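Shown below: input_34.csv, with CSV, C-alpha atoms.
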```
chain,number,residue,atom,x,y,z
A,1,MET,CA,0.0,0.0,0.0
A,2,LYS,CA,0.9,3.7,-0.3
A,3,GLY,CA,1.9,5.9,2.6
A,4,ILE,CA,3.8,9.0,3.7
A,5,ILE,CA,6.7,8.5,6.0
A,6,TRP,CA,9.0,10.8,7.9
A,7,ASP,CA,12.5,9.3,8.5
A,8,GLY,CA,13.9,12.3,10.4
A,9,GLU,CA,15.3,14.0,7.2
A,10,ASP,CA,12.8,13.5,4.4
A,11,LEU,CA,9.0,13.3,4.0
A,12,SER,CA,8.4,10.8,1.3
A,13,VAL,CA,5.5,9.1,-0.4
A,14,VAL,CA,6.3,5.4,-0.7
A,15,GLU,CA,4.8,2.3,-2.1
A,16,ASP,CA,4.9,-1.2,-0.5
A,17,LEU,CA,4.2,0.0,3.0
A,18,GLU,CA,2.8,-2.8,5.1
A,19,VAL,CA,0.6,-2.7,8.2
A,20,LYS,CA,0.3,-5.4,10.9
A,21,GLU,CA,-2.6,-7.9,11.1
A,22,VAL,CA,-5.6,-7.0,13.1
A,23,GLY,CA,-5.5,-8.2,16.7
A,24,PRO,CA,-8.1,-8.6,19.5
A,25,GLY,CA,-10.0,-5.4,20.1
A,26,GLU,CA,-8.7,-3.8,16.9
A,27,VAL,CA,-10.0,-2.8,13.5
A,28,ARG,CA,-8.5,-2.2,10.1
A,29,VAL,CA,-9.6,1.0,8.4
A,30,ARG,CA,-9.2,1.9,4.8
A,31,ILE,CA,-8.5,5.6,4.9
A,32,VAL,CA,-10.3,7.7,2.3
A,33,ASN,CA,-9.3,11.2,3.4
A,34,SER,CA,-6.9,12.7,5.9
A,35,GLY,CA,-6.6,16.3,7.0
A,36,VAL,CA,-3.1,17.7,7.4
A,37,CYS,CA,-2.8,19.3,10.9
A,38,HIS,CA,-0.1,21.6,12.1
A,39,SER,CA,1.0,18.8,14.5
A,40,ASP,CA,2.1,16.8,11.5
A,41,VAL,CA,4.1,19.7,10.3
A,42,ALA,CA,5.5,20.2,13.8
A,43,VAL,CA,7.0,16.7,13.8
A,44,VAL,CA,8.7,17.4,10.5
A,45,GLU,CA,10.0,20.8,11.8
A,46,GLY,CA,11.1,19.3,15.1
A,47,THR,CA,8.7,21.3,17.3
A,48,ILE,CA,7.1,18.0,18.4
A,49,PRO,CA,9.9,15.5,19.1
A,50,PHE,CA,8.8,12.1,17.8
A,51,MET,CA,10.6,8.8,17.0
A,52,THR,CA,11.5,7.9,13.4
A,53,PRO,CA,10.8,6.4,11.0
A,54,ALA,CA,7.1,7.1,11.4
A,55,VAL,CA,4.0,7.1,9.2
A,56,LEU,CA,2.4,10.5,9.8
A,57,GLY,CA,-1.2,11.7,9.8
A,58,HIS,CA,-3.7,11.7,12.6
A,59,GLU,CA,-6.9,13.3,11.2
A,60,GLY,CA,-8.6,10.7,9.1
A,61,ALA,CA,-11.9,9.1,8.0
A,62,GLY,CA,-12.5,5.9,6.2
A,63,ILE,CA,-14.3,2.6,6.1
A,64,VAL,CA,-13.9,-0.4,8.4
A,65,GLU,CA,-12.6,-3.3,6.4
A,66,GLU,CA,-11.7,-5.9,9.0
A,67,ILE,CA,-12.5,-6.4,12.7
A,68,GLY,CA,-10.6,-8.3,15.3
A,69,PRO,CA,-11.8,-10.7,18.0
A,70,GLY,CA,-14.0,-9.1,20.7
A,71,VAL,CA,-15.0,-6.1,18.6
A,72,SER,CA,-18.7,-5.2,18.8
A,73,GLN,CA,-18.9,-1.4,18.7
A,74,VAL,CA,-18.2,-1.2,14.9
A,75,ALA,CA,-19.1,-3.4,11.9
A,76,LEU,CA,-17.7,-4.1,8.5
A,77,GLY,CA,-18.4,-1.3,6.1
A,78,ASP,CA,-19.0,1.4,8.8
A,79,HIS,CA,-17.9,4.9,7.9
A,80,VAL,CA,-15.8,6.1,10.7
A,81,VAL,CA,-13.8,9.0,12.0
A,82,ILE,CA,-10.6,8.0,13.7
A,83,SER,CA,-9.8,9.5,17.1
A,84,THR,CA,-6.2,9.8,18.3
A,85,LEU,CA,-7.3,8.9,21.8
A,86,GLY,CA,-6.4,5.3,22.4
A,87,ASN,CA,-7.8,5.4,26.0
A,88,CYS,CA,-8.3,2.2,27.9
A,89,GLY,CA,-12.0,2.7,28.6
A,90,HIS,CA,-12.0,1.3,32.2
A,91,CYS,CA,-9.7,3.4,34.4
A,92,ARG,CA,-11.1,6.0,36.9
A,93,PHE,CA,-10.6,8.8,34.3
A,94,CYS,CA,-12.4,6.9,31.5
A,95,ASP,CA,-15.2,5.9,34.0
A,96,SER,CA,-15.7,9.5,35.0
A,97,GLY,CA,-16.0,10.8,31.5
A,98,LYS,CA,-12.5,12.3,31.1
A,99,PRO,CA,-10.9,10.0,28.6
A,100,THR,CA,-8.2,12.6,27.7
A,101,MET,CA,-6.8,12.0,31.2
A,102,CYS,CA,-6.4,8.3,30.6
A,103,ARG,CA,-2.7,7.4,31.1
A,104,ARG,CA,-3.1,4.7,28.4
A,105,SER,CA,-3.9,7.3,25.8
A,106,PHE,CA,-0.4,8.6,25.4
A,107,GLY,CA,3.2,7.5,26.1
A,108,HIS,CA,2.9,4.3,24.0
A,109,TYR,CA,4.7,4.2,20.7
A,110,PRO,CA,3.6,1.1,18.7
A,111,LYS,CA,5.3,0.1,15.4
A,112,PRO,CA,2.5,-1.4,13.3
A,113,PHE,CA,4.0,-0.5,10.0
A,114,THR,CA,6.9,-2.1,8.0
A,115,TYR,CA,8.7,-0.6,5.0
A,116,GLN,CA,11.6,-2.3,3.3
A,117,GLY,CA,12.0,-4.6,6.2
A,118,GLU,CA,12.2,-1.8,8.8
A,119,GLU,CA,9.4,-1.2,11.4
A,120,HIS,CA,7.8,2.2,11.4
A,121,TYR,CA,6.1,4.0,14.3
A,122,ALA,CA,2.4,5.1,14.2
A,123,PHE,CA,2.0,8.8,14.8
A,124,ALA,CA,-0.6,9.8,17.4
A,125,ASN,CA,-2.0,6.2,17.5
A,126,VAL,CA,-3.4,6.7,14.0
A,127,SER,CA,-1.1,7.2,11.0
A,128,SER,CA,-3.8,8.4,8.6
A,129,PHE,CA,-1.3,9.1,5.8
A,130,ALA,CA,-1.5,5.5,4.8
A,131,GLN,CA,-4.1,3.7,2.7
A,132,PHE,CA,-4.8,1.3,5.6
A,133,THR,CA,-4.2,1.6,9.3
A,134,VAL,CA,-5.0,-0.6,12.3
A,135,VAL,CA,-6.3,1.1,15.5
A,136,LYS,CA,-8.1,0.2,18.7
A,137,ALA,CA,-11.8,-0.4,18.0
A,138,GLN,CA,-12.8,2.5,20.3
A,139,GLN,CA,-10.8,4.9,18.1
A,140,ALA,CA,-13.0,4.2,15.1
A,141,VAL,CA,-16.2,6.1,15.7
A,142,PRO,CA,-19.1,5.4,13.3
A,143,ILE,CA,-20.7,8.4,11.6
A,144,PRO,CA,-23.7,8.7,9.1
A,145,GLU,CA,-22.7,7.8,5.6
A,146,GLU,CA,-24.2,11.2,4.4
A,147,VAL,CA,-21.1,13.0,5.9
A,148,PRO,CA,-18.5,13.5,3.1
A,149,PHE,CA,-15.2,11.9,3.9
A,150,PRO,CA,-13.1,15.1,3.3
A,151,SER,CA,-15.2,17.0,5.8
A,152,ALA,CA,-15.5,14.1,8.2
A,153,SER,CA,-11.7,13.6,8.4
A,154,LEU,CA,-11.3,17.0,10.1
A,155,ILE,CA,-13.5,16.1,13.0
A,156,GLY,CA,-10.9,13.8,14.5
A,157,CYS,CA,-8.5,16.5,15.5
A,158,GLY,CA,-9.2,20.1,14.5
A,159,VAL,CA,-12.8,20.1,15.3
A,160,LEU,CA,-12.5,18.1,18.5
A,161,THR,CA,-9.7,20.3,19.7
A,162,GLY,CA,-11.0,23.7,18.7
A,163,ALA,CA,-14.7,23.3,19.5
A,164,GLY,CA,-14.0,21.1,22.5
A,165,ALA,CA,-11.8,23.8,24.1
A,166,VAL,CA,-14.8,26.1,24.1
A,167,LEU,CA,-17.6,23.7,24.9
A,168,ASN,CA,-15.9,21.1,27.2
A,169,ARG,CA,-12.9,22.8,28.8
A,170,ALA,CA,-13.7,26.5,29.1
A,171,LYS,CA,-17.5,26.0,29.0
A,172,VAL,CA,-18.0,29.5,27.5
A,173,GLU,CA,-21.3,31.2,28.6
A,174,VAL,CA,-23.9,33.0,26.5
A,175,GLY,CA,-22.8,36.6,26.1
A,176,ALA,CA,-19.2,36.1,27.2
A,177,SER,CA,-16.6,37.9,25.2
A,178,VAL,CA,-14.1,35.7,23.3
A,179,VAL,CA,-10.8,36.2,21.5
A,180,VAL,CA,-9.3,33.6,19.2
A,181,ILE,CA,-5.7,34.1,18.2
A,182,GLY,CA,-4.9,32.3,15.0
A,183,VAL,CA,-7.5,31.6,12.4
A,184,GLY,CA,-6.4,28.1,11.3
A,185,GLY,CA,-8.3,24.8,11.5
A,186,ILE,CA,-8.4,24.8,15.4
A,187,GLY,CA,-9.1,28.6,15.6
A,188,LEU,CA,-12.0,28.4,13.2
A,189,ASN,CA,-13.6,25.6,15.2
A,190,SER,CA,-13.1,27.6,18.4
A,191,ILE,CA,-14.8,30.6,16.7
A,192,GLN,CA,-17.8,28.6,15.5
A,193,ALA,CA,-18.3,26.8,18.9
A,194,ALA,CA,-18.2,30.2,20.6
A,195,ALA,CA,-20.8,31.5,18.1
A,196,MET,CA,-23.0,28.3,18.8
A,197,VAL,CA,-23.2,29.1,22.5
A,198,GLY,CA,-24.0,32.8,21.9
A,199,ALA,CA,-20.7,34.4,22.9
A,200,HIS,CA,-20.3,38.1,22.0
A,201,PRO,CA,-18.2,39.7,20.8
A,202,ILE,CA,-16.1,37.1,19.1
A,203,ILE,CA,-12.8,38.6,18.1
A,204,ALA,CA,-10.5,36.8,15.6
A,205,VAL,CA,-6.8,37.8,15.6
A,206,ASP,CA,-4.5,36.9,12.7
A,207,THR,CA,-1.7,38.6,10.7
A,208,ASN,CA,-3.1,37.2,7.4
A,209,PRO,CA,-5.8,39.7,6.2
A,210,ALA,CA,-7.2,36.9,3.9
A,211,LYS,CA,-8.4,35.1,7.0
A,212,GLU,CA,-11.0,37.8,7.8
A,213,GLU,CA,-13.6,36.5,5.4
A,214,ILE,CA,-13.6,32.9,6.7
A,215,ALA,CA,-13.3,34.0,10.3
A,216,ARG,CA,-16.5,36.1,9.9
A,217,LEU,CA,-18.2,33.2,8.1
A,218,PHE,CA,-17.6,31.0,11.1
A,219,GLY,CA,-19.0,33.6,13.5
A,220,ALA,CA,-16.4,36.2,14.3
A,221,THR,CA,-17.9,39.6,14.9
A,222,HIS,CA,-14.6,41.4,14.7
A,223,PHE,CA,-11.2,40.8,13.1
A,224,LEU,CA,-7.9,42.3,14.2
A,225,ASN,CA,-4.7,42.2,12.2
A,226,PRO,CA,-1.8,43.0,14.6
A,227,ALA,CA,0.1,44.4,11.6
A,228,GLU,CA,-2.6,47.0,11.2
A,229,VAL,CA,-3.2,48.1,14.8
A,230,ASP,CA,-0.9,50.0,17.1
A,231,ASP,CA,-1.6,47.8,20.1
A,232,THR,CA,-3.5,44.5,19.8
A,233,VAL,CA,-4.1,44.2,23.5
A,234,ALA,CA,-5.4,47.7,23.7
A,235,ALA,CA,-7.7,47.1,20.7
A,236,VAL,CA,-9.1,44.0,22.4
A,237,LYS,CA,-9.7,45.9,25.6
A,238,ASP,CA,-11.5,48.6,23.7
A,239,LEU,CA,-13.8,46.2,21.9
A,240,THR,CA,-14.6,44.3,25.1
A,241,GLY,CA,-15.0,47.1,27.5
A,242,GLY,CA,-11.8,46.3,29.5
A,243,GLY,CA,-10.8,42.8,28.6
A,244,ALA,CA,-12.0,39.5,27.2
A,245,ALA,CA,-13.7,36.8,29.3
A,246,TYR,CA,-11.9,34.1,27.3
A,247,VAL,CA,-8.8,34.1,25.1
A,248,PHE,CA,-7.9,31.0,23.0
A,249,GLU,CA,-4.3,31.0,21.7
A,250,CYS,CA,-4.2,28.6,18.7
A,251,VAL,CA,-0.8,29.4,17.2
A,252,GLY,CA,1.8,28.3,19.8
A,253,ALA,CA,3.9,31.4,20.1
A,254,LYS,CA,5.4,32.7,23.4
A,255,GLN,CA,4.7,36.4,22.7
A,256,LEU,CA,1.1,35.7,21.7
A,257,MET,CA,0.5,33.7,24.9
A,258,GLU,CA,1.8,36.5,27.0
A,259,GLN,CA,-0.4,38.9,25.2
A,260,ALA,CA,-3.4,36.6,25.7
A,261,ILE,CA,-3.0,37.0,29.5
A,262,ALA,CA,-2.8,40.8,29.1
A,263,MET,CA,-6.1,40.7,27.1
A,264,LEU,CA,-8.1,39.2,29.9
A,265,GLN,CA,-10.7,40.9,32.0
A,266,TRP,CA,-10.7,40.4,35.7
A,267,ASP,CA,-11.7,36.7,36.3
A,268,GLY,CA,-11.0,36.0,32.6
A,269,THR,CA,-9.6,32.7,31.3
A,270,PHE,CA,-6.8,32.0,28.9
A,271,VAL,CA,-6.9,28.6,27.2
A,272,ILE,CA,-3.7,27.3,25.7
A,273,LEU,CA,-4.2,25.4,22.4
A,274,GLY,CA,-1.2,26.2,20.3
A,275,VAL,CA,1.8,23.9,20.2
A,276,THR,CA,5.0,25.7,21.2
A,277,PRO,CA,8.6,24.4,20.5
A,278,PHE,CA,9.4,21.9,23.3
A,279,GLY,CA,10.6,23.6,26.4
A,280,THR,CA,9.2,27.0,25.7
A,281,LYS,CA,8.4,29.1,28.8
A,282,ILE,CA,6.0,32.0,29.0
A,283,GLU,CA,6.5,34.8,31.4
A,284,PHE,CA,4.0,36.7,33.5
A,285,THR,CA,3.9,38.4,36.9
A,286,PRO,CA,1.9,36.8,39.7
A,287,GLU,CA,0.1,40.1,40.3
A,288,SER,CA,-1.2,39.9,36.7
A,289,LEU,CA,-3.4,37.0,37.9
A,290,TYR,CA,-4.5,38.3,41.3
A,291,ASN,CA,-7.9,39.4,40.0
A,292,ASP,CA,-9.0,35.7,39.6
A,293,LYS,CA,-7.5,35.2,36.1
A,294,THR,CA,-7.0,31.6,35.0
A,295,ILE,CA,-4.5,30.0,32.7
A,296,MET,CA,-6.0,26.8,31.4
A,297,GLY,CA,-4.4,23.9,29.6
A,298,CYS,CA,-6.4,21.8,27.2
A,299,ARG,CA,-5.7,18.4,25.7
A,300,TYR,CA,-7.6,17.4,22.6
A,301,GLY,CA,-10.5,19.7,23.5
A,302,SER,CA,-11.2,17.7,26.7
A,303,SER,CA,-13.2,15.6,24.3
A,304,ARG,CA,-15.2,12.4,24.7
A,305,PRO,CA,-14.6,11.2,21.2
A,306,GLN,CA,-17.3,8.5,21.1
A,307,GLN,CA,-19.9,11.1,22.0
A,308,ASP,CA,-18.5,14.3,20.5
A,309,ILE,CA,-17.6,12.9,17.0
A,310,ARG,CA,-21.1,11.7,16.6
A,311,LEU,CA,-22.5,15.0,17.9
A,312,TYR,CA,-20.6,17.2,15.4
A,313,ALA,CA,-21.5,14.9,12.6
A,314,GLU,CA,-25.2,15.1,13.5
A,315,LEU,CA,-25.0,18.9,14.0
A,316,TYR,CA,-23.4,19.1,10.5
A,317,LEU,CA,-26.2,17.1,8.9
A,318,ALA,CA,-28.7,19.4,10.7
A,319,GLY,CA,-27.1,22.5,9.2
A,320,LYS,CA,-25.9,23.7,12.6
A,321,PHE,CA,-22.1,23.1,12.3
A,322,LYS,CA,-19.7,23.9,9.5
A,323,LEU,CA,-17.4,21.2,8.1
A,324,ASP,CA,-17.4,21.6,4.3
A,325,GLU,CA,-16.2,25.2,4.7
A,326,LEU,CA,-13.1,24.0,6.5
A,327,VAL,CA,-11.9,22.1,3.5
A,328,THR,CA,-10.1,24.6,1.3
A,329,ARG,CA,-8.7,22.1,-1.1
A,330,VAL,CA,-8.3,18.3,-1.5
A,331,TYR,CA,-4.8,17.3,-2.8
A,332,PRO,CA,-3.7,13.9,-4.2
A,333,MET,CA,-1.4,12.0,-1.9
A,334,ASP,CA,1.6,12.6,-4.2
A,335,ASP,CA,1.2,16.4,-3.8
A,336,VAL,CA,1.7,16.5,0.0
A,337,HIS,CA,4.6,18.9,-0.4
A,338,GLY,CA,2.3,21.2,-2.4
A,339,LEU,CA,-0.2,21.1,0.4
A,340,LEU,CA,2.5,21.9,2.9
A,341,HIS,CA,3.7,24.9,0.8
A,342,ASP,CA,0.1,26.3,0.6
A,343,MET,CA,-0.3,25.7,4.3
A,344,HIS,CA,2.9,27.6,5.0
A,345,GLU,CA,1.8,30.5,2.8
A,346,GLY,CA,-1.5,30.8,4.8
A,347,ARG,CA,-3.7,29.8,1.9
A,348,LEU,CA,-5.6,27.1,3.6
A,349,ALA,CA,-8.2,26.7,6.4
A,350,ARG,CA,-7.5,23.0,6.1
A,351,GLY,CA,-5.8,21.0,3.4
A,352,VAL,CA,-7.0,17.5,2.9
A,353,LEU,CA,-5.3,14.5,1.3
A,354,ASP,CA,-7.0,12.0,-1.0
A,355,ILE,CA,-5.7,8.7,0.3
A,356,THR,CA,-7.7,6.4,-2.0
A,357,PRO,CA,-5.7,4.3,-4.5
```

Please re-express this file's structure in structure tokens.
Amino acid sequence: MKGIIWDGEDLSVVEDLEVKEVGPGEVRVRIVNSGVCHSDVAVVEGTIPFMTPAVLGHEGAGIVEEIGPGVSQVALGDHVVISTLGNCGHCRFCDSGKPTMCRRSFGHYPKPFTYQGEEHYAFANVSSFAQFTVVKAQQAVPIPEEVPFPSASLIGCGVLTGAGAVLNRAKVEVGASVVVIGVGGIGLNSIQAAAMVGAHPIIAVDTNPAKEEIARLFGATHFLNPAEVDDTVAAVKDLTGGGAAYVFECVGAKQLMEQAIAMLQWDGTFVILGVTPFGTKIEFTPESLYNDKTIMGCRYGSSRPQQDIRLYAELYLAGKFKLDELVTRVYPMDDVHGLLHDMHEGRLARGVLDITP
């Protein structure tokens, strides 16, 4: 089969990639489409340290083609979105509805792929840049067949992370002022989730003026380009009457995170979503938090994938949640470098790969 591997030096499209046989509690999924997330790029750029060689991709949707012993939650032929969360399902965190806290969901680095006799790691428990992958059955979440695969593929990371940060982690209230820094795939989903719950105003911040149109399409009421204002923090405070109730940083930049804290109103909350280079430290004075300000971490949108993936798919079919608008362009698998170039140039909300043969 075909796949995209990262060997530590080169990102290559290869043939004759092999994946292991399906084991107990596992399913084999034929990937139809895969979104390309900044986390995949971060591995290539070294921002996220990861073992090599690896098959990248973690934002995928496809069709279940084989099920292992003991699997009952999915059936052959099911259309599924794949979650990166390989949680155990029975620890105290899973039992209490917090699967992102499951210790079994990270820190394990399987090697289910083989290329030219060498074992390759799976990235983020998924590896959706391959025509077939083998995952835990609970990672493959069935969705209605009416949801197009390019749109469905984005639910597994960008949607869960961005929307989940607003709905599950911060629990933004009606009428609360929201700032979203970075209008990419995660930022757009934070914006539309904030709009869903009735937040106001919703201020999108991005240095790319071309992002204003799509930010407003997803629910932003205002757009700030730091290159066009004298002081972004002051501009936010002016629009919100003294500071925002919630700020979501979706870029992963030290300076922006520090500005986010300064943008908050008293009792405001800053939610960290952007991935910084490993070891990055942000600076703030303790007194800047004295008025009940909160700095909040967020893993994978504090999601419950089995519930949330189905929810977003159903909201999409009901016309209440945007997915198609996230897909700027679908690229053939062989043009992954073209997708990455367009992504670097800021031309995409989300680029999607066609993984089919």

| said: Just to confirm, what's the straight-line distance from atom CA of Glu249 of chain A to atom CA of Leu273 of chain A in Å (one decimal)? | reply: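 These two atoms are separated by 5.6 Å.
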
List every residue of segment 152-239 of chain A that has an atom at most 7 Å from any atom of segment 297-320 of chain A, and for each one report the closest atom pair and its distance in Å to one decimal, counting only C-alpha atoms, with rows sorted by chain and then by increasing residue number, as a Markdown table.
```
| residue | atom | partner | partner_atom | distance |
| --- | --- | --- | --- | --- |
| A:Ile155 | CA | A:Ile309 | CA | 6.6 |
| A:Leu160 | CA | A:Gly301 | CA | 5.6 |
| A:Thr161 | CA | A:Gly301 | CA | 3.9 |
| A:Gly162 | CA | A:Gly301 | CA | 6.3 |
| A:Ala163 | CA | A:Gly301 | CA | 6.8 |
| A:Gly164 | CA | A:Gly301 | CA | 3.9 |
| A:Ala165 | CA | A:Gly301 | CA | 4.3 |
| A:Asn168 | CA | A:Ser302 | CA | 5.8 |
| A:Arg169 | CA | A:Ser302 | CA | 5.8 |
```

Selected residues written out with C-alpha atoms, as a PDB file, in the frame of the given file:
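After the write, result.pdb holds the following:
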```pdb
ATOM      1  CA  ILE A 155     -13.500  16.100  13.000  1.00  0.00           C
ATOM      2  CA  LEU A 160     -12.500  18.100  18.500  1.00  0.00           C
ATOM      3  CA  THR A 161      -9.700  20.300  19.700  1.00  0.00           C
ATOM      4  CA  GLY A 162     -11.000  23.700  18.700  1.00  0.00           C
ATOM      5  CA  ALA A 163     -14.700  23.300  19.500  1.00  0.00           C
ATOM      6  CA  GLY A 164     -14.000  21.100  22.500  1.00  0.00           C
ATOM      7  CA  ALA A 165     -11.800  23.800  24.100  1.00  0.00           C
ATOM      8  CA  ASN A 168     -15.900  21.100  27.200  1.00  0.00           C
ATOM      9  CA  ARG A 169     -12.900  22.800  28.800  1.00  0.00           C
TER      10      ARG A 169
END
```

| note | In terms of all atoms listed in the file, the residue from A:Ala130, A:Leu167, A:Met257, A:Val41 at minimal distance from Glu15 of chain A is A:Ala130

| request: Could you jot down the atom CA of Phe223 of chain A to atom CA of Phe284 of chain A separation for me, Å, one decimal place? | output: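 Answer for the atom CA of Phe223 of chain A to atom CA of Phe284 of chain A separation: 25.8 Å.
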
| So which residues touch segment 120-126 of chain A within 6 Å, counting only C-alpha atoms, skipping near sequence neighbours fewer than 6 positions away, as a ChimeraX atom specification? | /A:53-56,58,84,110-111,113-114

| d(atom CA of Gly351 of chain A, atom CA of Val36 of chain A) in Å | 5.8 Å

| request: Please provide the set of residues having any atom within 7 Å of segment 323-328 of chain A, restricted to all atoms listed in the file, with same-chain residues fewer than 3 positions apart removed, written as a ChimeraX atom specification. | output: /A:151,185,316,348-352

| query | For Gly219 of chain A, which residue among A:Leu353, A:Cys157, A:Ile191, A:Ala140 is the nearest when counting all atoms listed in the file? | reply |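 For Gly219 of chain A, the nearest of the given residues is A:Ile191.
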
| Smallest atom-to-atom distance to Ala152 of chain A: which of A:Ala253, A:Val247, A:Val13, A:Ile82, using all atoms listed in the file? |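 Ranking A:Ala253, A:Val247, A:Val13, A:Ile82 by distance to Ala152 of chain A, first place goes to A:Ile82.
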
| Long-range neighbours of Asp292 of chain A as a ChimeraX atom specification, 12 Å cut-off, only C-alpha atoms, 6 positions minimum in chain | /A:245,261,264-270,286

| query | For Ser83 of chain A, which residue out of A:Gly338, A:Gly158, A:Gly70, A:Pro49 is the nearest one, using only C-alpha atoms? | reply | A:Gly158

| task | Pick out the residues sitting within 6 Å of Gly62 of chain A, and hand them over as a PyMOL selection string; count only C-alpha atoms, and ignore anything fewer than 2 positions along from it in its own chain. | result | chain A and resi 30-32+79-80

| message | Set the distance at 9 Å and use all atoms listed in the file: which residues neighbour Asp16 of chain A once local chain neighbours fewer than 6 positions away are removed? I'd like the list as an NGL selection string. | response | :A and (1-3 or 114-116)
